[in-house]
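Peer 1: See target-v4.pdb below, with PDB, C-alpha atoms (C1' of nucleotides).
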ATOM      1  CA  MET A   1      -0.787  -1.842 -38.241  1.00  0.00           C
ATOM      2  CA  LYS A   2       2.576  -3.542 -37.916  1.00  0.00           C
ATOM      3  CA  SER A   3       3.573  -5.716 -35.002  1.00  0.00           C
ATOM      4  CA  GLY A   4       5.884  -3.225 -33.309  1.00  0.00           C
ATOM      5  CA  LEU A   5       3.093  -0.711 -32.936  1.00  0.00           C
ATOM      6  CA  ALA A   6       0.649  -3.406 -31.879  1.00  0.00           C
ATOM      7  CA  ILE A   7       3.015  -4.427 -29.092  1.00  0.00           C
ATOM      8  CA  LYS A   8       3.256  -0.812 -27.917  1.00  0.00           C
ATOM      9  CA  ALA A   9      -0.520  -0.481 -27.927  1.00  0.00           C
ATOM     10  CA  LEU A  10      -1.053  -3.770 -26.110  1.00  0.00           C
ATOM     11  CA  GLY A  11       1.522  -2.786 -23.513  1.00  0.00           C
ATOM     12  CA  ALA A  12      -0.073   0.610 -23.090  1.00  0.00           C
ATOM     13  CA  LEU A  13      -3.440  -0.955 -22.307  1.00  0.00           C
ATOM     14  CA  ALA A  14      -2.010  -3.695 -20.089  1.00  0.00           C
ATOM     15  CA  GLN A  15      -2.109  -1.653 -16.926  1.00  0.00           C
ATOM     16  CA  GLU A  16      -4.947  -1.010 -14.542  1.00  0.00           C
ATOM     17  CA  HIS A  17      -4.819   2.781 -14.509  1.00  0.00           C
ATOM     18  CA  ARG A  18      -4.112   3.115 -18.199  1.00  0.00           C
ATOM     19  CA  LEU A  19      -6.862   0.761 -19.275  1.00  0.00           C
ATOM     20  CA  GLU A  20      -9.314   2.596 -17.059  1.00  0.00           C
ATOM     21  CA  ALA A  21      -8.113   5.990 -18.278  1.00  0.00           C
ATOM     22  CA  PHE A  22      -8.481   4.923 -21.873  1.00  0.00           C
ATOM     23  CA  ARG A  23     -11.926   3.480 -21.200  1.00  0.00           C
ATOM     24  CA  ARG A  24     -13.054   6.800 -19.754  1.00  0.00           C
ATOM     25  CA  LEU A  25     -11.612   8.749 -22.652  1.00  0.00           C
ATOM     26  CA  VAL A  26     -13.488   6.527 -25.064  1.00  0.00           C
ATOM     27  CA  GLN A  27     -16.695   7.104 -23.145  1.00  0.00           C
ATOM     28  CA  ALA A  28     -16.047  10.842 -22.990  1.00  0.00           C
ATOM     29  CA  GLY A  29     -16.017  10.912 -26.779  1.00  0.00           C
ATOM     30  CA  ALA A  30     -15.086  13.947 -28.824  1.00  0.00           C
ATOM     31  CA  ASP A  31     -15.030  16.299 -25.822  1.00  0.00           C
ATOM     32  CA  GLY A  32     -12.260  14.350 -24.197  1.00  0.00           C
ATOM     33  CA  LEU A  33     -11.161  14.910 -20.625  1.00  0.00           C
ATOM     34  CA  ALA A  34      -8.611  17.159 -18.935  1.00  0.00           C
ATOM     35  CA  ALA A  35      -5.629  15.467 -17.300  1.00  0.00           C
ATOM     36  CA  GLY A  36      -6.632  16.730 -13.878  1.00  0.00           C
ATOM     37  CA  ALA A  37     -10.203  15.505 -14.156  1.00  0.00           C
ATOM     38  CA  LEU A  38      -8.960  12.108 -15.172  1.00  0.00           C
ATOM     39  CA  ALA A  39      -6.452  11.973 -12.320  1.00  0.00           C
ATOM     40  CA  GLU A  40      -9.138  12.812  -9.808  1.00  0.00           C
ATOM     41  CA  ALA A  41     -11.584  10.333 -11.303  1.00  0.00           C
ATOM     42  CA  LEU A  42      -9.020   7.548 -11.087  1.00  0.00           C
ATOM     43  CA  GLY A  43      -7.699   8.568  -7.675  1.00  0.00           C
ATOM     44  CA  VAL A  44      -4.127   8.705  -8.958  1.00  0.00           C
ATOM     45  CA  PRO A  45      -1.593  11.468  -8.281  1.00  0.00           C
ATOM     46  CA  ASN A  46      -1.169  13.921 -11.124  1.00  0.00           C
ATOM     47  CA  SER A  47       2.412  12.979 -11.794  1.00  0.00           C
ATOM     48  CA  SER A  48       1.600   9.299 -11.990  1.00  0.00           C
ATOM     49  CA  LEU A  49      -1.261   9.811 -14.379  1.00  0.00           C
ATOM     50  CA  SER A  50       0.877  12.079 -16.507  1.00  0.00           C
ATOM     51  CA  PHE A  51       3.309   9.201 -16.906  1.00  0.00           C
ATOM     52  CA  HIS A  52       0.526   6.878 -17.984  1.00  0.00           C
ATOM     53  CA  LEU A  53      -0.966   9.372 -20.400  1.00  0.00           C
ATOM     54  CA  ALA A  54       2.458   9.728 -21.982  1.00  0.00           C
ATOM     55  CA  GLN A  55       2.584   5.969 -22.502  1.00  0.00           C
ATOM     56  CA  LEU A  56      -0.831   5.943 -24.152  1.00  0.00           C
ATOM     57  CA  THR A  57       0.147   8.910 -26.306  1.00  0.00           C
ATOM     58  CA  HIS A  58       3.391   7.284 -27.342  1.00  0.00           C
ATOM     59  CA  ALA A  59       1.446   4.193 -28.363  1.00  0.00           C
ATOM     60  CA  GLY A  60      -0.775   6.389 -30.514  1.00  0.00           C
ATOM     61  CA  LEU A  61      -3.940   5.508 -28.613  1.00  0.00           C
ATOM     62  CA  ILE A  62      -4.743   9.012 -27.411  1.00  0.00           C
ATOM     63  CA  VAL A  63      -4.032  12.564 -28.489  1.00  0.00           C
ATOM     64  CA  GLN A  64      -3.441  15.754 -26.570  1.00  0.00           C
ATOM     65  CA  GLN A  65      -4.669  19.288 -27.127  1.00  0.00           C
ATOM     66  CA  ARG A  66      -4.052  22.323 -25.003  1.00  0.00           C
ATOM     67  CA  VAL A  67      -7.114  24.410 -24.162  1.00  0.00           C
ATOM     68  CA  GLY A  68      -6.233  27.291 -21.922  1.00  0.00           C
ATOM     69  CA  ARG A  69      -4.522  25.916 -18.874  1.00  0.00           C
ATOM     70  CA  SER A  70      -5.823  22.445 -19.423  1.00  0.00           C
ATOM     71  CA  LEU A  71      -4.512  19.636 -21.553  1.00  0.00           C
ATOM     72  CA  ILE A  72      -7.415  17.763 -23.036  1.00  0.00           C
ATOM     73  CA  TYR A  73      -6.909  14.138 -23.937  1.00  0.00           C
ATOM     74  CA  ARG A  74      -8.997  12.226 -26.441  1.00  0.00           C
ATOM     75  CA  ALA A  75      -9.097   8.594 -27.479  1.00  0.00           C
ATOM     76  CA  ASP A  76      -7.965   7.897 -31.027  1.00  0.00           C
ATOM     77  CA  TYR A  77     -10.652   5.534 -32.265  1.00  0.00           C
ATOM     78  CA  ALA A  78      -8.825   4.756 -35.471  1.00  0.00           C
ATOM     79  CA  ALA A  79      -5.812   3.505 -33.541  1.00  0.00           C
ATOM     80  CA  MET A  80      -8.027   1.308 -31.402  1.00  0.00           C
ATOM     81  CA  ASN A  81      -9.732  -0.102 -34.476  1.00  0.00           C
ATOM     82  CA  GLY A  82      -6.319  -0.693 -35.970  1.00  0.00           C
ATOM     83  CA  LEU A  83      -5.280  -2.699 -32.932  1.00  0.00           C
ATOM     84  CA  VAL A  84      -8.427  -4.812 -32.896  1.00  0.00           C
ATOM     85  CA  GLY A  85      -8.031  -5.318 -36.636  1.00  0.00           C
ATOM     86  CA  TYR A  86      -4.474  -6.477 -36.177  1.00  0.00           C
ATOM     87  CA  LEU A  87      -5.509  -8.993 -33.535  1.00  0.00           C
ATOM     88  CA  MET A  88      -8.310 -10.365 -35.657  1.00  0.00           C
ATOM     89  CA  GLU A  89      -6.190 -10.679 -38.774  1.00  0.00           C
ATOM     90  CA  ASN A  90      -3.081 -12.129 -37.186  1.00  0.00           C
ATOM     91  CA  CYS A  91      -4.420 -14.063 -34.273  1.00  0.00           C
TER      92      CYS A  91
ATOM     93  CA  MET B   1     -14.317 -11.115 -19.522  1.00  0.00           C
ATOM     94  CA  LYS B   2     -13.497  -8.882 -16.586  1.00  0.00           C
ATOM     95  CA  SER B   3     -10.849  -6.202 -16.602  1.00  0.00           C
ATOM     96  CA  GLY B   4      -8.297  -8.028 -14.468  1.00  0.00           C
ATOM     97  CA  LEU B   5      -8.144 -10.897 -16.914  1.00  0.00           C
ATOM     98  CA  ALA B   6      -8.113  -8.531 -19.881  1.00  0.00           C
ATOM     99  CA  ILE B   7      -5.087  -6.781 -18.402  1.00  0.00           C
ATOM    100  CA  LYS B   8      -3.304 -10.110 -17.978  1.00  0.00           C
ATOM    101  CA  ALA B   9      -4.088 -11.080 -21.572  1.00  0.00           C
ATOM    102  CA  LEU B  10      -3.002  -7.706 -22.947  1.00  0.00           C
ATOM    103  CA  GLY B  11       0.220  -7.899 -20.974  1.00  0.00           C
ATOM    104  CA  ALA B  12       0.851 -11.419 -22.164  1.00  0.00           C
ATOM    105  CA  LEU B  13       0.588 -10.348 -25.799  1.00  0.00           C
ATOM    106  CA  ALA B  14       2.578  -7.141 -25.316  1.00  0.00           C
ATOM    107  CA  GLN B  15       5.935  -8.736 -25.910  1.00  0.00           C
ATOM    108  CA  GLU B  16       7.706  -9.517 -29.147  1.00  0.00           C
ATOM    109  CA  HIS B  17       8.393 -13.204 -28.569  1.00  0.00           C
ATOM    110  CA  ARG B  18       5.048 -13.910 -26.948  1.00  0.00           C
ATOM    111  CA  LEU B  19       3.012 -12.184 -29.632  1.00  0.00           C
ATOM    112  CA  GLU B  20       4.904 -14.093 -32.281  1.00  0.00           C
ATOM    113  CA  ALA B  21       4.565 -17.389 -30.396  1.00  0.00           C
ATOM    114  CA  PHE B  22       0.847 -16.867 -30.008  1.00  0.00           C
ATOM    115  CA  ARG B  23       0.490 -15.927 -33.664  1.00  0.00           C
ATOM    116  CA  ARG B  24       2.157 -19.179 -34.676  1.00  0.00           C
ATOM    117  CA  LEU B  25       0.029 -21.227 -32.332  1.00  0.00           C
ATOM    118  CA  VAL B  26      -3.082 -19.667 -33.831  1.00  0.00           C
ATOM    119  CA  GLN B  27      -1.856 -20.528 -37.309  1.00  0.00           C
ATOM    120  CA  ALA B  28      -0.958 -24.050 -36.227  1.00  0.00           C
ATOM    121  CA  GLY B  29      -4.573 -24.605 -35.269  1.00  0.00           C
ATOM    122  CA  ALA B  30      -5.816 -27.673 -33.473  1.00  0.00           C
ATOM    123  CA  ASP B  31      -2.548 -29.588 -33.874  1.00  0.00           C
ATOM    124  CA  GLY B  32      -0.678 -27.035 -31.843  1.00  0.00           C
ATOM    125  CA  LEU B  33       3.085 -26.937 -31.593  1.00  0.00           C
ATOM    126  CA  ALA B  34       5.639 -28.503 -29.264  1.00  0.00           C
ATOM    127  CA  ALA B  35       7.597 -26.157 -27.021  1.00  0.00           C
ATOM    128  CA  GLY B  36      10.859 -27.110 -28.664  1.00  0.00           C
ATOM    129  CA  ALA B  37       9.599 -26.537 -32.188  1.00  0.00           C
ATOM    130  CA  LEU B  38       8.340 -23.126 -31.169  1.00  0.00           C
ATOM    131  CA  ALA B  39      11.618 -22.219 -29.484  1.00  0.00           C
ATOM    132  CA  GLU B  40      13.572 -23.157 -32.587  1.00  0.00           C
ATOM    133  CA  ALA B  41      11.177 -21.323 -34.883  1.00  0.00           C
ATOM    134  CA  LEU B  42      11.504 -18.141 -32.836  1.00  0.00           C
ATOM    135  CA  GLY B  43      15.233 -18.471 -32.270  1.00  0.00           C
ATOM    136  CA  VAL B  44      14.838 -18.186 -28.519  1.00  0.00           C
ATOM    137  CA  PRO B  45      16.510 -20.434 -25.905  1.00  0.00           C
ATOM    138  CA  ASN B  46      14.278 -23.115 -24.479  1.00  0.00           C
ATOM    139  CA  SER B  47      14.302 -21.715 -20.985  1.00  0.00           C
ATOM    140  CA  SER B  48      13.361 -18.254 -22.202  1.00  0.00           C
ATOM    141  CA  LEU B  49      10.479 -19.512 -24.284  1.00  0.00           C
ATOM    142  CA  SER B  50       9.288 -21.653 -21.419  1.00  0.00           C
ATOM    143  CA  PHE B  51       8.979 -18.489 -19.334  1.00  0.00           C
ATOM    144  CA  HIS B  52       6.938 -16.806 -22.055  1.00  0.00           C
ATOM    145  CA  LEU B  53       4.675 -19.813 -22.573  1.00  0.00           C
ATOM    146  CA  ALA B  54       3.988 -19.817 -18.844  1.00  0.00           C
ATOM    147  CA  GLN B  55       2.900 -16.174 -19.079  1.00  0.00           C
ATOM    148  CA  LEU B  56       0.550 -16.925 -21.954  1.00  0.00           C
ATOM    149  CA  THR B  57      -0.826 -19.941 -20.115  1.00  0.00           C
ATOM    150  CA  HIS B  58      -1.370 -17.945 -16.944  1.00  0.00           C
ATOM    151  CA  ALA B  59      -3.285 -15.373 -18.966  1.00  0.00           C
ATOM    152  CA  GLY B  60      -5.487 -18.161 -20.297  1.00  0.00           C
ATOM    153  CA  LEU B  61      -4.514 -17.567 -23.917  1.00  0.00           C
ATOM    154  CA  ILE B  62      -2.963 -20.972 -24.524  1.00  0.00           C
ATOM    155  CA  VAL B  63      -3.256 -24.463 -23.108  1.00  0.00           C
ATOM    156  CA  GLN B  64      -0.762 -27.242 -22.601  1.00  0.00           C
ATOM    157  CA  GLN B  65      -0.995 -30.977 -23.168  1.00  0.00           C
ATOM    158  CA  ARG B  66       1.677 -33.595 -22.697  1.00  0.00           C
ATOM    159  CA  VAL B  67       2.130 -36.036 -25.562  1.00  0.00           C
ATOM    160  CA  GLY B  68       4.930 -38.444 -24.866  1.00  0.00           C
ATOM    161  CA  ARG B  69       8.020 -36.421 -24.121  1.00  0.00           C
ATOM    162  CA  SER B  70       6.665 -33.307 -25.770  1.00  0.00           C
ATOM    163  CA  LEU B  71       4.476 -30.592 -24.367  1.00  0.00           C
ATOM    164  CA  ILE B  72       2.101 -29.427 -27.036  1.00  0.00           C
ATOM    165  CA  TYR B  73       0.739 -25.894 -26.803  1.00  0.00           C
ATOM    166  CA  ARG B  74      -2.448 -24.685 -28.448  1.00  0.00           C
ATOM    167  CA  ALA B  75      -4.068 -21.281 -28.751  1.00  0.00           C
ATOM    168  CA  ASP B  76      -7.337 -20.874 -26.894  1.00  0.00           C
ATOM    169  CA  TYR B  77      -9.515 -19.172 -29.476  1.00  0.00           C
ATOM    170  CA  ALA B  78     -12.328 -18.518 -27.029  1.00  0.00           C
ATOM    171  CA  ALA B  79     -10.002 -16.552 -24.765  1.00  0.00           C
ATOM    172  CA  MET B  80      -8.800 -14.499 -27.702  1.00  0.00           C
ATOM    173  CA  ASN B  81     -12.358 -13.786 -28.786  1.00  0.00           C
ATOM    174  CA  GLY B  82     -13.139 -12.838 -25.208  1.00  0.00           C
ATOM    175  CA  LEU B  83     -10.321 -10.315 -25.213  1.00  0.00           C
ATOM    176  CA  VAL B  84     -11.318  -8.761 -28.525  1.00  0.00           C
ATOM    177  CA  GLY B  85     -14.908  -8.682 -27.316  1.00  0.00           C
ATOM    178  CA  TYR B  86     -13.885  -6.920 -24.143  1.00  0.00           C
ATOM    179  CA  LEU B  87     -11.972  -4.284 -26.097  1.00  0.00           C
ATOM    180  CA  MET B  88     -14.864  -3.667 -28.467  1.00  0.00           C
ATOM    181  CA  GLU B  89     -17.450  -3.426 -25.706  1.00  0.00           C
ATOM    182  CA  ASN B  90     -15.489  -1.298 -23.289  1.00  0.00           C
ATOM    183  CA  CYS B  91     -13.308   0.773 -25.535  1.00  0.00           C
TER     184      CYS B  91
ATOM    185  C1'  DT C   1       4.332  41.617 -12.528  1.00  0.00           C
ATOM    186  C1'  DT C   2       2.513  38.732  -9.095  1.00  0.00           C
ATOM    187  C1'  DG C   3      -0.290  34.999  -8.013  1.00  0.00           C
ATOM    188  C1'  DA C   4      -3.190  31.048  -8.787  1.00  0.00           C
ATOM    189  C1'  DT C   5      -4.167  26.987 -11.493  1.00  0.00           C
ATOM    190  C1'  DA C   6      -3.159  22.953 -14.578  1.00  0.00           C
ATOM    191  C1'  DT C   7       0.086  19.871 -15.843  1.00  0.00           C
ATOM    192  C1'  DT C   8       4.476  17.993 -16.881  1.00  0.00           C
ATOM    193  C1'  DT C   9       9.290  16.768 -15.934  1.00  0.00           C
ATOM    194  C1'  DC C  10      12.814  15.352 -12.691  1.00  0.00           C
ATOM    195  C1'  DC C  11      14.481  12.279  -9.377  1.00  0.00           C
ATOM    196  C1'  DA C  12      15.074   8.431  -6.478  1.00  0.00           C
ATOM    197  C1'  DC C  13      13.537   4.220  -5.411  1.00  0.00           C
ATOM    198  C1'  DA C  14      10.628  -0.126  -5.320  1.00  0.00           C
ATOM    199  C1'  DA C  15       8.750  -3.774  -7.969  1.00  0.00           C
ATOM    200  C1'  DA C  16       8.021  -6.489 -11.973  1.00  0.00           C
ATOM    201  C1'  DT C  17       9.878  -8.464 -16.267  1.00  0.00           C
ATOM    202  C1'  DA C  18      13.198 -10.582 -19.468  1.00  0.00           C
ATOM    203  C1'  DT C  19      17.228 -13.340 -20.282  1.00  0.00           C
ATOM    204  C1'  DC C  20      19.706 -17.644 -20.377  1.00  0.00           C
ATOM    205  C1'  DG C  21      23.019 -21.235 -18.595  1.00  0.00           C
ATOM    206  C1'  DA C  22      22.865 -24.923 -15.426  1.00  0.00           C
ATOM    207  C1'  DA C  23      20.426 -28.104 -12.693  1.00  0.00           C
ATOM    208  C1'  DT C  24      16.315 -30.760 -12.457  1.00  0.00           C
ATOM    209  C1'  DC C  25      12.248 -33.436 -13.804  1.00  0.00           C
ATOM    210  C1'  DA C  26       9.443 -36.544 -16.948  1.00  0.00           C
ATOM    211  C1'  DA C  27       9.078 -40.143 -20.466  1.00  0.00           C
ATOM    212  C1'  DG C  28      10.576 -43.662 -23.535  1.00  0.00           C
ATOM    213  C1'  DG C  29      13.966 -47.037 -25.569  1.00  0.00           C
ATOM    214  C1'  DG C  30      17.586 -50.442 -25.229  1.00  0.00           C
TER     215       DG C  30
ATOM    216  C1'  DC D   1      18.639 -49.659 -14.847  1.00  0.00           C
ATOM    217  C1'  DC D   2      20.921 -46.258 -17.687  1.00  0.00           C
ATOM    218  C1'  DC D   3      20.891 -43.083 -21.349  1.00  0.00           C
ATOM    219  C1'  DT D   4      18.847 -39.835 -24.355  1.00  0.00           C
ATOM    220  C1'  DT D   5      15.422 -36.483 -25.429  1.00  0.00           C
ATOM    221  C1'  DG D   6      12.052 -32.724 -24.438  1.00  0.00           C
ATOM    222  C1'  DA D   7      10.950 -29.441 -21.429  1.00  0.00           C
ATOM    223  C1'  DT D   8      10.652 -26.837 -16.958  1.00  0.00           C
ATOM    224  C1'  DT D   9      12.513 -24.676 -12.839  1.00  0.00           C
ATOM    225  C1'  DC D  10      16.210 -22.331 -10.482  1.00  0.00           C
ATOM    226  C1'  DG D  11      19.360 -18.625  -9.796  1.00  0.00           C
ATOM    227  C1'  DA D  12      21.753 -14.625 -10.919  1.00  0.00           C
ATOM    228  C1'  DT D  13      21.551 -10.482 -13.457  1.00  0.00           C
ATOM    229  C1'  DA D  14      20.110  -6.657 -16.442  1.00  0.00           C
ATOM    230  C1'  DT D  15      16.383  -3.961 -17.942  1.00  0.00           C
ATOM    231  C1'  DT D  16      11.993  -1.894 -17.781  1.00  0.00           C
ATOM    232  C1'  DT D  17       8.043  -0.191 -15.431  1.00  0.00           C
ATOM    233  C1'  DG D  18       5.421   2.130 -11.826  1.00  0.00           C
ATOM    234  C1'  DT D  19       5.182   5.504  -8.060  1.00  0.00           C
ATOM    235  C1'  DG D  20       4.772  10.004  -6.075  1.00  0.00           C
ATOM    236  C1'  DG D  21       6.794  14.269  -3.964  1.00  0.00           C
ATOM    237  C1'  DA D  22       9.215  18.357  -5.355  1.00  0.00           C
ATOM    238  C1'  DA D  23      10.609  21.492  -8.824  1.00  0.00           C
ATOM    239  C1'  DA D  24       9.780  23.445 -13.286  1.00  0.00           C
ATOM    240  C1'  DT D  25       6.725  25.036 -17.177  1.00  0.00           C
ATOM    241  C1'  DA D  26       2.625  27.168 -19.218  1.00  0.00           C
ATOM    242  C1'  DT D  27      -1.468  29.919 -19.163  1.00  0.00           C
ATOM    243  C1'  DC D  28      -4.538  33.203 -17.557  1.00  0.00           C
ATOM    244  C1'  DA D  29      -6.387  36.923 -14.517  1.00  0.00           C
ATOM    245  C1'  DA D  30      -5.968  40.884 -11.621  1.00  0.00           C
TER     246       DA D  30
END
Do you think you could lay out the structure here as structure tokens?
Peer 2:
Amino acid sequence: MKSGLAIKALGALAQEHRLEAFRRLVQAGADGLAAGALAEALGVPNSSLSFHLAQLTHAGLIVQQRVGRSLIYRADYAAMNGLVGYLMENC
Amino acid sequence: MKSGLAIKALGALAQEHRLEAFRRLVQAGADGLAAGALAEALGVPNSSLSFHLAQLTHAGLIVQQRVGRSLIYRADYAAMNGLVGYLMENC
DNA sequence: TTGATATTTCCACAAATATCGAATCAAGGG
DNA sequence: CCCTTGATTCGATATTTGTGGAAATATCAA
């Protein structure tokens, strides 16, 4: 991982709702979670969460898949490992 | 480490100049680096770097010590390990 | 096609962050 | 005491980020 991407990932996780959302996606594992379920769980309006999910997606930390009407989000473990690896190597 | 502090640390590292400054402080080891030396190395005005060092300090990632006219900054390895540990446990 | 559901995009606005010159503060030397 | 050096704080400004209602998009079911 190069530093530009690491900065994006760090910034994506450096926010209360996003860190919590990511944590829950990690716990949810391969099944992932629908955007709506996540919004309700976090007590955040849909539009706000959508913004945060976009940030996490843009940082490469989560991925999106449409299933029927729902958009399922999943944590990208490899990206997370890449970030931790970067921190351990460089810092 | 609890999530509030993790968010502060993530946010502190999620910036080009701060990540680079922290990286250099880690490499510098126990000797640390003076604020001025760091500012010159990064090519950032003193006042700007001072702002960034304050952010890193507030997040607990670095510590400050006055030596004569200079303020020496050092990376706090324990804090960094705490952050990585938090990420590995929770995410 | 109409309607219901799931979610995103748009918009406007509030709040936080980044930048950097100038003024200020601390410490040491002559 | 005065001057220089090293660094922070202040102040003004530009940029980015976060928020949430309303409108738009997508999918499915009847």
Peer 1: Just so the selection is clear, what residues does the PyMOL selection byres ((chain D and resi 15) around 12) cover here, as an MDAnalysis selection string?
Peer 2: (chainID C and resid 16:19) or (chainID D and resid 13:14 16:17)
Peer 1: Please determine the residues with any atom at most 8 Å from (-3.8, 28.7, -18.0) (coordinates as given in the file, with only C-alpha atoms (C1' of nucleotides) counting) and report them as a list of chain:residue names.
Peer 2: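 Answer for this query, in the requested form: A:Gly68, A:Arg69, A:Ser70, C:DT5, C:DA6, D:DA26, D:DT27, D:DC28.
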Peer 1: Rounded to one decimal place, report the CA of Gln65 in chain A-CA of Gly36 in chain A distance in Å.
Peer 2: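 So the answer is 13.6 Å.
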Peer 1: Can you pull out every residue within 10 Å of Phe51 in chain A, counting all atoms listed in the file, but drop anything in the same chain fewer than 2 positions away, and send it as number ranges by chain?
Peer 2: A: 18, 46-49, 53-57; C: 8-9; D: 18-19
Peer 1: What does the distance between CA of Met1 in chain B and CA of Leu61 in chain B come to in Å, to one decimal place?
Peer 2: 12.5 Å
Peer 1: If the PyMOL selection byres ((chain A) within 12 of (chain B)) is run on the structure shown, which residues does it catch, given as a PDB file with C-alpha atoms, in the coordinates of the input?
Peer 2:
ATOM      1  CA  LYS A   2       2.576  -3.542 -37.916  1.00  0.00           C
ATOM      2  CA  SER A   3       3.573  -5.716 -35.002  1.00  0.00           C
ATOM      3  CA  GLY A   4       5.884  -3.225 -33.309  1.00  0.00           C
ATOM      4  CA  LEU A   5       3.093  -0.711 -32.936  1.00  0.00           C
ATOM      5  CA  ALA A   6       0.649  -3.406 -31.879  1.00  0.00           C
ATOM      6  CA  ILE A   7       3.015  -4.427 -29.092  1.00  0.00           C
ATOM      7  CA  LYS A   8       3.256  -0.812 -27.917  1.00  0.00           C
ATOM      8  CA  ALA A   9      -0.520  -0.481 -27.927  1.00  0.00           C
ATOM      9  CA  LEU A  10      -1.053  -3.770 -26.110  1.00  0.00           C
ATOM     10  CA  GLY A  11       1.522  -2.786 -23.513  1.00  0.00           C
ATOM     11  CA  ALA A  12      -0.073   0.610 -23.090  1.00  0.00           C
ATOM     12  CA  LEU A  13      -3.440  -0.955 -22.307  1.00  0.00           C
ATOM     13  CA  ALA A  14      -2.010  -3.695 -20.089  1.00  0.00           C
ATOM     14  CA  GLN A  15      -2.109  -1.653 -16.926  1.00  0.00           C
ATOM     15  CA  GLU A  16      -4.947  -1.010 -14.542  1.00  0.00           C
ATOM     16  CA  HIS A  17      -4.819   2.781 -14.509  1.00  0.00           C
ATOM     17  CA  ARG A  18      -4.112   3.115 -18.199  1.00  0.00           C
ATOM     18  CA  LEU A  19      -6.862   0.761 -19.275  1.00  0.00           C
ATOM     19  CA  GLU A  20      -9.314   2.596 -17.059  1.00  0.00           C
ATOM     20  CA  ALA A  21      -8.113   5.990 -18.278  1.00  0.00           C
ATOM     21  CA  PHE A  22      -8.481   4.923 -21.873  1.00  0.00           C
ATOM     22  CA  ARG A  23     -11.926   3.480 -21.200  1.00  0.00           C
ATOM     23  CA  ARG A  24     -13.054   6.800 -19.754  1.00  0.00           C
ATOM     24  CA  LEU A  25     -11.612   8.749 -22.652  1.00  0.00           C
ATOM     25  CA  VAL A  26     -13.488   6.527 -25.064  1.00  0.00           C
ATOM     26  CA  GLN A  27     -16.695   7.104 -23.145  1.00  0.00           C
ATOM     27  CA  ALA A  28     -16.047  10.842 -22.990  1.00  0.00           C
ATOM     28  CA  GLY A  29     -16.017  10.912 -26.779  1.00  0.00           C
ATOM     29  CA  ALA A  59       1.446   4.193 -28.363  1.00  0.00           C
ATOM     30  CA  LEU A  61      -3.940   5.508 -28.613  1.00  0.00           C
ATOM     31  CA  ALA A  75      -9.097   8.594 -27.479  1.00  0.00           C
ATOM     32  CA  ASP A  76      -7.965   7.897 -31.027  1.00  0.00           C
ATOM     33  CA  TYR A  77     -10.652   5.534 -32.265  1.00  0.00           C
ATOM     34  CA  ALA A  78      -8.825   4.756 -35.471  1.00  0.00           C
ATOM     35  CA  ALA A  79      -5.812   3.505 -33.541  1.00  0.00           C
ATOM     36  CA  MET A  80      -8.027   1.308 -31.402  1.00  0.00           C
ATOM     37  CA  ASN A  81      -9.732  -0.102 -34.476  1.00  0.00           C
ATOM     38  CA  GLY A  82      -6.319  -0.693 -35.970  1.00  0.00           C
ATOM     39  CA  LEU A  83      -5.280  -2.699 -32.932  1.00  0.00           C
ATOM     40  CA  VAL A  84      -8.427  -4.812 -32.896  1.00  0.00           C
ATOM     41  CA  GLY A  85      -8.031  -5.318 -36.636  1.00  0.00           C
ATOM     42  CA  TYR A  86      -4.474  -6.477 -36.177  1.00  0.00           C
ATOM     43  CA  LEU A  87      -5.509  -8.993 -33.535  1.00  0.00           C
ATOM     44  CA  MET A  88      -8.310 -10.365 -35.657  1.00  0.00           C
ATOM     45  CA  GLU A  89      -6.190 -10.679 -38.774  1.00  0.00           C
ATOM     46  CA  ASN A  90      -3.081 -12.129 -37.186  1.00  0.00           C
ATOM     47  CA  CYS A  91      -4.420 -14.063 -34.273  1.00  0.00           C
TER      48      CYS A  91
END
Peer 1: Using all atoms listed in the file, which residue out of B:Arg74, B:Gln64, B:Ser50, B:Ala39 lies closest to chain D?
Peer 2: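 Of the candidates, the smallest distance to chain D is held by B:Ser50.
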Peer 1: Closest to chain D among A:Val67, A:Tyr73, A:His58, A:Ala34, using only C-alpha atoms (C1' of nucleotides)?
Peer 2: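 Looking only at the distances to chain D, the closest residue turns out to be A:Val67.
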Peer 1: Can you tell me, as JSON, the centre and edge lengths (Å, one decimal) of the axis-aligned box enclosing all of range 17-23 of chain D's listed atoms after padding each side by 4 Å?
Peer 2:
{"center_x": 7.7, "center_y": 10.7, "center_z": -9.7, "size_x": 13.8, "size_y": 29.7, "size_z": 19.5}
Peer 1: Could you state the separation of CA of Ile72 in chain A and CA of Leu33 in chain A in Å, given to one decimal place?
Peer 2: 5.3 Å
Peer 1: Which residues of chain D sit at most 10 Å from chain B, using only C-alpha atoms (C1' of nucleotides)? Give each one's shortest atom pair and distance in Å (one decimal place), in chain and ascending residue order, as JSON lines.
Peer 2:
{"residue": "D:DT5", "atom": "C1'", "partner": "B:Arg69", "partner_atom": "CA", "distance": 7.5}
{"residue": "D:DG6", "atom": "C1'", "partner": "B:Arg69", "partner_atom": "CA", "distance": 5.5}
{"residue": "D:DA7", "atom": "C1'", "partner": "B:Leu71", "partner_atom": "CA", "distance": 7.2}
{"residue": "D:DT8", "atom": "C1'", "partner": "B:Ser50", "partner_atom": "CA", "distance": 7.0}
{"residue": "D:DT9", "atom": "C1'", "partner": "B:Ser47", "partner_atom": "CA", "distance": 8.9}
Peer 1: What are the residues of chain C that have an atom within 10 Å of an atom of chain B, counting all atoms listed in the file, as a ChimeraX atom specification?
Peer 2: /C:18-21,26-28
Peer 1: Extract, using only C-alpha atoms (C1' of nucleotides), all DNA, RNA and protein residues at most 12 Å from DG30 in chain C, discarding same-chain residues fewer than 4 positions from it, and format them as a ChimeraX atom specification.
Peer 2: /D:1-4
